[in-house]
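Pasted below: my_file-v3.pdb, PDB, C-alpha atoms, pLDDT in the B column.
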```
ATOM      1  CA  MET A 161     156.931 119.531  90.114  1.00 85.00           C
ATOM      2  CA  ALA A 162     158.409 119.214  93.557  1.00 90.00           C
ATOM      3  CA  ASP A 163     159.317 122.093  95.851  1.00 91.00           C
ATOM      4  CA  ARG A 164     162.992 122.874  95.995  1.00 90.00           C
ATOM      5  CA  TRP A 165     165.414 125.095  97.835  1.00 90.00           C
ATOM      6  CA  LEU A 166     166.839 128.103  96.107  1.00 90.00           C
ATOM      7  CA  TRP A 167     170.271 129.561  96.907  1.00 91.00           C
ATOM      8  CA  LEU A 168     169.925 133.218  95.979  1.00 88.00           C
ATOM      9  CA  PRO A 169     173.590 134.026  95.231  1.00 87.00           C
ATOM     10  CA  ASP A 170     173.725 131.287  92.576  1.00 88.00           C
ATOM     11  CA  GLN A 171     170.267 130.218  91.491  1.00 87.00           C
ATOM     12  CA  ASP A 172     171.424 128.023  88.621  1.00 86.00           C
ATOM     13  CA  GLY A 173     174.489 126.364  90.108  1.00 87.00           C
ATOM     14  CA  GLY A 174     173.078 126.156  93.605  1.00 88.00           C
ATOM     15  CA  TYR A 175     174.946 126.186  96.886  1.00 90.00           C
ATOM     16  CA  SER A 176     178.599 125.237  96.855  1.00 91.00           C
ATOM     17  CA  VAL A 177     181.317 125.592  99.468  1.00 92.00           C
ATOM     18  CA  ARG A 178     183.547 127.198  96.868  1.00 90.00           C
ATOM     19  CA  GLY A 179     180.909 129.768  95.976  1.00 88.00           C
ATOM     20  CA  VAL A 180     180.258 130.664  99.599  1.00 86.00           C
ATOM     21  CA  TYR A 181     183.974 130.912 100.317  1.00 86.00           C
ATOM     22  CA  ASP A 182     184.280 133.410  97.475  1.00 85.00           C
ATOM     23  CA  MET A 183     181.203 135.271  98.652  1.00 82.00           C
ATOM     24  CA  LEU A 184     182.401 135.605 102.236  1.00 80.00           C
ATOM     25  CA  THR A 185     185.953 136.579 101.399  1.00 80.00           C
ATOM     26  CA  THR A 186     185.439 138.943  98.472  1.00 76.00           C
ATOM     27  CA  GLN A 187     182.288 140.789  99.368  1.00 57.00           C
ATOM     28  CA  GLU A 188     183.001 144.259 100.590  1.00 58.00           C
ATOM     29  CA  GLN A 189     182.588 145.134 104.184  1.00 55.00           C
ATOM     30  CA  PRO A 190     179.434 147.071 104.891  1.00 55.00           C
ATOM     31  CA  GLN A 191     180.422 150.552 103.811  1.00 56.00           C
ATOM     32  CA  LEU A 192     180.528 153.298 106.320  1.00 59.00           C
ATOM     33  CA  HIS A 193     179.297 156.622 105.101  1.00 60.00           C
ATOM     34  CA  PRO A 194     181.738 158.134 102.568  1.00 63.00           C
ATOM     35  CA  ASN A 195     182.311 161.018 104.955  1.00 65.00           C
ATOM     36  CA  MET A 196     183.936 158.510 107.280  1.00 73.00           C
ATOM     37  CA  GLU A 197     187.012 158.964 105.092  1.00 76.00           C
ATOM     38  CA  LEU A 198     187.291 162.274 106.884  1.00 81.00           C
ATOM     39  CA  ILE A 199     188.365 160.429 110.015  1.00 85.00           C
ATOM     40  CA  TRP A 200     191.782 160.370 108.393  1.00 85.00           C
ATOM     41  CA  HIS A 201     191.796 164.006 107.305  1.00 83.00           C
ATOM     42  CA  LYS A 202     195.414 165.151 107.235  1.00 84.00           C
ATOM     43  CA  GLN A 203     194.753 168.170 109.431  1.00 85.00           C
ATOM     44  CA  ALA A 204     193.369 166.041 112.225  1.00 86.00           C
ATOM     45  CA  PRO A 205     195.995 164.941 114.774  1.00 92.00           C
ATOM     46  CA  LEU A 206     196.621 161.209 114.643  1.00 93.00           C
ATOM     47  CA  LYS A 207     195.383 160.549 118.174  1.00 94.00           C
ATOM     48  CA  ILE A 208     192.096 162.249 117.283  1.00 91.00           C
ATOM     49  CA  SER A 209     191.751 160.167 114.127  1.00 91.00           C
ATOM     50  CA  ILE A 210     192.382 156.996 116.058  1.00 94.00           C
ATOM     51  CA  LEU A 211     189.895 157.935 118.756  1.00 93.00           C
ATOM     52  CA  ALA A 212     187.282 158.745 116.107  1.00 90.00           C
ATOM     53  CA  TRP A 213     187.927 155.466 114.319  1.00 89.00           C
ATOM     54  CA  ARG A 214     187.539 153.481 117.525  1.00 92.00           C
ATOM     55  CA  LEU A 215     184.461 155.491 118.489  1.00 91.00           C
ATOM     56  CA  LEU A 216     182.648 154.972 115.187  1.00 87.00           C
ATOM     57  CA  ARG A 217     183.484 151.289 115.019  1.00 85.00           C
ATOM     58  CA  ASP A 218     182.654 150.764 118.674  1.00 88.00           C
ATOM     59  CA  ARG A 219     186.194 149.666 119.495  1.00 91.00           C
ATOM     60  CA  LEU A 220     186.633 151.829 122.581  1.00 94.00           C
ATOM     61  CA  PRO A 221     186.994 150.081 125.953  1.00 95.00           C
ATOM     62  CA  THR A 222     183.565 151.104 127.213  1.00 94.00           C
ATOM     63  CA  LYS A 223     182.410 149.115 130.202  1.00 94.00           C
ATOM     64  CA  ASN A 224     179.943 147.310 127.966  1.00 93.00           C
ATOM     65  CA  ASN A 225     182.725 146.208 125.616  1.00 93.00           C
ATOM     66  CA  LEU A 226     184.943 145.227 128.544  1.00 94.00           C
ATOM     67  CA  ALA A 227     182.140 143.153 130.037  1.00 93.00           C
ATOM     68  CA  ASN A 228     181.394 141.479 126.703  1.00 91.00           C
ATOM     69  CA  HIS A 229     185.033 140.451 126.489  1.00 91.00           C
ATOM     70  CA  GLY A 230     185.059 139.151 130.035  1.00 92.00           C
ATOM     71  CA  VAL A 231     187.445 141.817 131.338  1.00 93.00           C
ATOM     72  CA  ILE A 232     185.016 143.041 133.984  1.00 93.00           C
ATOM     73  CA  PRO A 233     181.966 141.267 135.392  1.00 94.00           C
ATOM     74  CA  LEU A 234     178.621 141.884 133.702  1.00 90.00           C
ATOM     75  CA  GLU A 235     177.256 143.635 136.790  1.00 90.00           C
ATOM     76  CA  ALA A 236     180.010 146.241 136.514  1.00 92.00           C
ATOM     77  CA  ARG A 237     179.025 147.573 133.126  1.00 92.00           C
ATOM     78  CA  LEU A 238     176.757 150.378 134.258  1.00 93.00           C
ATOM     79  CA  CYS A 239     177.661 153.956 133.456  1.00 93.00           C
ATOM     80  CA  LEU A 240     180.121 155.510 135.895  1.00 88.00           C
ATOM     81  CA  THR A 241     177.836 158.481 136.499  1.00 91.00           C
ATOM     82  CA  GLY A 242     175.458 156.165 138.329  1.00 90.00           C
ATOM     83  CA  CYS A 243     172.601 156.975 135.967  1.00 91.00           C
ATOM     84  CA  GLY A 244     171.774 153.270 135.834  1.00 91.00           C
ATOM     85  CA  HIS A 245     172.258 152.662 132.109  1.00 93.00           C
ATOM     86  CA  VAL A 246     174.684 150.282 130.458  1.00 93.00           C
ATOM     87  CA  GLU A 247     177.821 152.146 129.456  1.00 94.00           C
ATOM     88  CA  ASP A 248     177.981 151.499 125.745  1.00 93.00           C
ATOM     89  CA  VAL A 249     179.389 153.930 123.239  1.00 93.00           C
ATOM     90  CA  ASN A 250     176.073 155.575 122.363  1.00 91.00           C
ATOM     91  CA  HIS A 251     175.230 156.034 126.003  1.00 93.00           C
ATOM     92  CA  LEU A 252     178.620 157.340 127.067  1.00 93.00           C
ATOM     93  CA  PHE A 253     178.950 159.871 124.262  1.00 93.00           C
ATOM     94  CA  LEU A 254     175.368 160.772 123.408  1.00 92.00           C
ATOM     95  CA  SER A 255     172.464 159.726 125.588  1.00 91.00           C
ATOM     96  CA  CYS A 256     173.948 159.858 129.103  1.00 93.00           C
ATOM     97  CA  PRO A 257     172.259 162.682 131.028  1.00 92.00           C
ATOM     98  CA  THR A 258     175.645 163.862 132.294  1.00 92.00           C
ATOM     99  CA  PHE A 259     177.920 163.558 129.268  1.00 93.00           C
ATOM    100  CA  GLY A 260     175.277 163.913 126.570  1.00 91.00           C
ATOM    101  CA  ALA A 261     174.322 167.243 128.096  1.00 91.00           C
ATOM    102  CA  LEU A 262     177.714 168.618 127.069  1.00 93.00           C
ATOM    103  CA  TRP A 263     176.871 168.699 123.368  1.00 92.00           C
ATOM    104  CA  PRO A 264     174.389 171.604 123.514  1.00 92.00           C
ATOM    105  CA  LEU A 265     177.114 173.544 125.357  1.00 93.00           C
ATOM    106  CA  VAL A 266     179.652 172.657 122.677  1.00 91.00           C
ATOM    107  CA  ARG A 267     177.243 173.781 119.977  1.00 90.00           C
ATOM    108  CA  ALA A 268     176.575 177.030 121.826  1.00 91.00           C
ATOM    109  CA  TRP A 269     180.309 177.581 122.126  1.00 90.00           C
ATOM    110  CA  LEU A 270     180.768 176.971 118.390  1.00 87.00           C
ATOM    111  CA  GLY A 271     177.757 179.138 117.649  1.00 87.00           C
ATOM    112  CA  VAL A 272     175.947 176.487 115.611  1.00 87.00           C
ATOM    113  CA  VAL A 273     172.439 175.068 115.686  1.00 85.00           C
ATOM    114  CA  GLY A 274     171.880 171.333 115.761  1.00 84.00           C
ATOM    115  CA  VAL A 275     170.056 168.393 117.200  1.00 84.00           C
ATOM    116  CA  ASP A 276     171.130 165.659 119.581  1.00 83.00           C
ATOM    117  CA  SER A 277     172.039 162.609 117.497  1.00 83.00           C
ATOM    118  CA  GLN A 278     171.084 159.072 118.412  1.00 82.00           C
ATOM    119  CA  THR A 279     174.106 157.411 116.839  1.00 83.00           C
ATOM    120  CA  THR A 280     177.759 158.319 116.851  1.00 86.00           C
ATOM    121  CA  SER A 281     177.941 158.295 113.044  1.00 82.00           C
ATOM    122  CA  ASP A 282     175.074 160.807 112.787  1.00 83.00           C
ATOM    123  CA  HIS A 283     176.830 162.868 115.397  1.00 87.00           C
ATOM    124  CA  PHE A 284     180.089 162.742 113.475  1.00 86.00           C
ATOM    125  CA  LEU A 285     178.410 163.817 110.233  1.00 82.00           C
ATOM    126  CA  GLN A 286     176.636 166.653 111.955  1.00 85.00           C
ATOM    127  CA  PHE A 287     179.842 168.040 113.375  1.00 83.00           C
ATOM    128  CA  ILE A 288     181.611 167.660 110.029  1.00 80.00           C
ATOM    129  CA  ASN A 289     178.876 169.796 108.537  1.00 80.00           C
ATOM    130  CA  TYR A 290     179.452 172.412 111.234  1.00 79.00           C
ATOM    131  CA  ALA A 291     183.109 172.534 110.251  1.00 73.00           C
ATOM    132  CA  GLY A 292     182.149 173.128 106.633  1.00 69.00           C
ATOM    133  CA  CYS A 293     179.634 175.829 107.597  1.00 55.00           C
ATOM    134  CA  SER A 294     181.930 177.696 109.935  1.00 52.00           C
ATOM    135  CA  ARG A 295     184.652 177.760 107.297  1.00 54.00           C
ATOM    136  CA  LEU A 296     182.092 179.212 104.927  1.00 49.00           C
ATOM    137  CA  ARG A 297     180.954 181.766 107.489  1.00 48.00           C
ATOM    138  CA  ARG A 298     184.484 182.788 108.266  1.00 47.00           C
ATOM    139  CA  SER A 299     185.206 183.387 104.597  1.00 43.00           C
ATOM    140  CA  PHE A 300     182.078 185.509 104.395  1.00 41.00           C
ATOM    141  CA  PHE A 301     183.188 187.610 107.329  1.00 37.00           C
ATOM    142  CA  HIS A 302     186.694 188.196 106.085  1.00 37.00           C
TER     143      HIS A 302
ATOM    144  CA  MET B   7     192.304 136.904 103.799  1.00 49.00           C
ATOM    145  CA  ARG B   8     189.574 138.684 105.632  1.00 53.00           C
ATOM    146  CA  ILE B   9     186.111 137.395 106.373  1.00 57.00           C
ATOM    147  CA  ARG B  10     183.381 139.953 106.136  1.00 57.00           C
ATOM    148  CA  ASP B  11     182.371 141.741 109.328  1.00 54.00           C
ATOM    149  CA  GLY B  12     179.162 140.812 111.038  1.00 51.00           C
ATOM    150  CA  ILE B  13     179.329 137.100 110.391  1.00 51.00           C
ATOM    151  CA  GLY B  14     178.659 134.919 113.357  1.00 48.00           C
ATOM    152  CA  GLU B  15     177.306 137.819 115.330  1.00 46.00           C
ATOM    153  CA  GLY B  16     173.693 138.122 116.393  1.00 46.00           C
ATOM    154  CA  GLY B  17     170.914 139.033 114.031  1.00 49.00           C
ATOM    155  CA  GLU B  18     170.378 137.927 110.495  1.00 57.00           C
ATOM    156  CA  GLY B  19     172.601 135.079 109.404  1.00 72.00           C
ATOM    157  CA  TRP B  20     174.305 135.158 106.035  1.00 77.00           C
ATOM    158  CA  PHE B  21     173.025 131.687 105.174  1.00 83.00           C
ATOM    159  CA  GLU B  22     169.369 131.902 106.122  1.00 81.00           C
ATOM    160  CA  ALA B  23     168.996 135.290 104.517  1.00 81.00           C
ATOM    161  CA  ARG B  24     170.010 133.825 101.153  1.00 86.00           C
ATOM    162  CA  VAL B  25     167.847 130.719 101.082  1.00 88.00           C
ATOM    163  CA  ARG B  26     164.353 130.637  99.612  1.00 91.00           C
ATOM    164  CA  LYS B  27     161.865 127.893  98.868  1.00 90.00           C
ATOM    165  CA  ARG B  28     160.658 127.666  95.300  1.00 90.00           C
ATOM    166  CA  VAL B  29     157.193 126.167  95.433  1.00 92.00           C
ATOM    167  CA  GLY B  30     156.264 123.414  92.999  1.00 92.00           C
ATOM    168  CA  ASP B  31     153.332 121.311  94.209  1.00 93.00           C
ATOM    169  CA  GLY B  32     153.704 122.813  97.675  1.00 91.00           C
ATOM    170  CA  ALA B  33     153.732 119.442  99.418  1.00 93.00           C
ATOM    171  CA  ASN B  34     157.126 120.040 100.977  1.00 93.00           C
ATOM    172  CA  THR B  35     156.830 123.686 101.894  1.00 93.00           C
ATOM    173  CA  ASP B  36     155.750 124.903 105.298  1.00 94.00           C
ATOM    174  CA  PHE B  37     153.176 127.626 104.673  1.00 93.00           C
ATOM    175  CA  TRP B  38     153.989 129.728 107.724  1.00 93.00           C
ATOM    176  CA  ARG B  39     157.623 129.001 108.516  1.00 92.00           C
ATOM    177  CA  ASP B  40     159.403 128.469 105.205  1.00 91.00           C
ATOM    178  CA  CYS B  41     160.576 131.484 103.307  1.00 90.00           C
ATOM    179  CA  TRP B  42     158.670 131.012 100.059  1.00 91.00           C
ATOM    180  CA  CYS B  43     156.725 134.224  99.639  1.00 87.00           C
ATOM    181  CA  GLY B  44     158.606 137.490 100.086  1.00 84.00           C
ATOM    182  CA  ASN B  45     161.835 137.888 101.996  1.00 82.00           C
ATOM    183  CA  VAL B  46     160.722 136.716 105.418  1.00 84.00           C
ATOM    184  CA  PRO B  47     158.564 133.750 106.453  1.00 89.00           C
ATOM    185  CA  LEU B  48     154.887 134.548 106.823  1.00 91.00           C
ATOM    186  CA  CYS B  49     155.069 133.703 110.524  1.00 91.00           C
ATOM    187  CA  ASP B  50     157.389 136.708 110.942  1.00 89.00           C
ATOM    188  CA  ARG B  51     155.577 139.001 108.566  1.00 88.00           C
ATOM    189  CA  PHE B  52     152.170 138.252 110.076  1.00 89.00           C
ATOM    190  CA  SER B  53     153.247 137.198 113.536  1.00 90.00           C
ATOM    191  CA  ARG B  54     149.950 138.112 115.201  1.00 88.00           C
ATOM    192  CA  LEU B  55     147.980 135.947 112.774  1.00 89.00           C
ATOM    193  CA  TYR B  56     150.517 133.174 113.248  1.00 92.00           C
ATOM    194  CA  ASP B  57     149.938 133.331 117.003  1.00 92.00           C
ATOM    195  CA  LEU B  58     146.249 132.790 116.434  1.00 91.00           C
ATOM    196  CA  VAL B  59     146.238 130.185 113.684  1.00 90.00           C
ATOM    197  CA  VAL B  60     145.350 126.664 114.820  1.00 89.00           C
ATOM    198  CA  ASN B  61     147.444 124.657 112.367  1.00 89.00           C
ATOM    199  CA  LYS B  62     150.912 126.150 112.422  1.00 90.00           C
ATOM    200  CA  SER B  63     152.637 123.439 110.389  1.00 91.00           C
ATOM    201  CA  ILE B  64     150.347 123.211 107.388  1.00 92.00           C
ATOM    202  CA  THR B  65     151.963 122.881 103.957  1.00 93.00           C
ATOM    203  CA  VAL B  66     151.309 125.213 101.066  1.00 92.00           C
ATOM    204  CA  ARG B  67     149.664 122.301  99.221  1.00 93.00           C
ATOM    205  CA  ASN B  68     147.250 121.492 102.039  1.00 91.00           C
ATOM    206  CA  MET B  69     146.483 125.124 102.458  1.00 89.00           C
ATOM    207  CA  PHE B  70     145.415 125.209  98.830  1.00 88.00           C
ATOM    208  CA  LEU B  71     143.450 121.949  99.011  1.00 88.00           C
ATOM    209  CA  LEU B  72     141.533 122.938 102.123  1.00 87.00           C
ATOM    210  CA  GLY B  73     140.656 126.290 100.670  1.00 79.00           C
ATOM    211  CA  VAL B  74     141.782 129.654 101.908  1.00 74.00           C
ATOM    212  CA  ASP B  75     138.516 131.424 101.185  1.00 74.00           C
ATOM    213  CA  VAL B  76     136.467 132.824 104.026  1.00 70.00           C
ATOM    214  CA  GLY B  77     135.083 129.880 105.939  1.00 70.00           C
ATOM    215  CA  GLY B  78     137.625 127.514 104.365  1.00 72.00           C
ATOM    216  CA  GLU B  79     139.144 124.906 106.620  1.00 76.00           C
ATOM    217  CA  ALA B  80     142.690 126.018 105.991  1.00 79.00           C
ATOM    218  CA  LEU B  81     142.550 129.139 108.119  1.00 82.00           C
ATOM    219  CA  GLN B  82     141.132 128.236 111.502  1.00 83.00           C
ATOM    220  CA  TRP B  83     141.802 130.637 114.326  1.00 86.00           C
ATOM    221  CA  ARG B  84     141.977 130.102 118.049  1.00 86.00           C
ATOM    222  CA  ARG B  85     139.489 132.884 118.472  1.00 86.00           C
ATOM    223  CA  TRP B  86     137.399 135.237 116.416  1.00 83.00           C
ATOM    224  CA  LEU B  87     139.497 137.796 114.524  1.00 80.00           C
ATOM    225  CA  TRP B  88     138.526 141.313 115.375  1.00 78.00           C
ATOM    226  CA  ALA B  89     138.227 143.489 112.317  1.00 64.00           C
TER     227      ALA B  89
END
```
As structure tokens, what does this structure read like?
Amino acid sequence: MADRWLWLPDQDGGYSVRGVYDMLTTQEQPQLHPNMELIWHKQAPLKISILAWRLLRDRLPTKNNLANHGVIPLEARLCLTGCGHVEDVNHLFLSCPTFGALWPLVRAWLGVVGVDSQTTSDHFLQFINYAGCSRLRRSFFH
Amino acid sequence: MRIRDGIGEGGEGWFEARVRKRVGDGANTDFWRDCWCGNVPLCDRFSRLYDLVVNKSITVRNMFLLGVDVGGEALQWRRWLWA
């Protein structure tokens, strides 16, 4: 028996343009975490929701995104603090020595304990959990 | 109509990731570089061995014929393999 190619989505029928068209147009987008629904929580102001949506999908005009779209030259995509790293969304909001250092202060201000996240979605989930906890704590105190 | 995100961007392609080789006599399957055993080609899974192997384009059939046992001709290395 000869070797043959196998098309995993349809092992009997094999590859077809029609099948791939259906696959590419009907398959769900990679799901964000279910908590991402909370971006659109009705108590959050719309501008905050939109910022969060752009942040988590990396649609903010960071220098890295601007450079990738040819808006600014590639050499100009370093972080504005001069720390020497590319200004992408994870750097700007989390790992930059200047801006990332704000999060421990925010946590201290909120009175919560946490870790520094590596990704914006982890960060988002962590802060959502804080919101749940502080609501709980408040109801205990009252 | 919306095409799924991620297509055409870097990384794993939607086509390659869904193609496998089903081995019959092995004469038309590249032992190291075709995806016939597991979900990635052996050259990716065992990239350090692939670097060292002499015959990088051997077929599965020839691999079998030459013998994959210790001392077999199929697996010749550019240098001694350290344990």
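Selected on chain A by distance to chain B: Met161, Ala162, Asp163, Arg164, Trp165, Leu166, Trp167, Leu168, Leu184, Thr185 and Gln189 of chain A (within 6 Å, counting only C-alpha atoms).
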Q | Given the PyMOL selection byres ((chain B and resi 69) around 10), the residues it picks as an MDAnalysis selection string | A | chainID B and resid 32:33 36:37 61 64:68 70:74 78:81
Q) Can you list, as a list in words, the residues that the PyMOL selection byres ((chain A and resi 225) around 12) selects here? A) Arg214, Leu215, Arg217, Asp218, Arg219, Leu220, Pro221, Thr222, Lys223, Asn224, Leu226, Ala227, Asn228, His229, Gly230, Val231, Ile232, Pro233, Leu234, Ala236, Arg237, Leu238, Val246, Glu247, Asp248, Val249, Asn250 and Leu252 of chain A
Q: Can you work out the spacing between atom CA of Met196 of chain A and atom CA of Pro257 of chain A in Å, to one decimal?
A: 26.8 Å
Q: State, in Å with one decimal place, the distance from atom CA of Gln278 of chain A to atom CA of Cys243 of chain A.
A: 17.7 Å
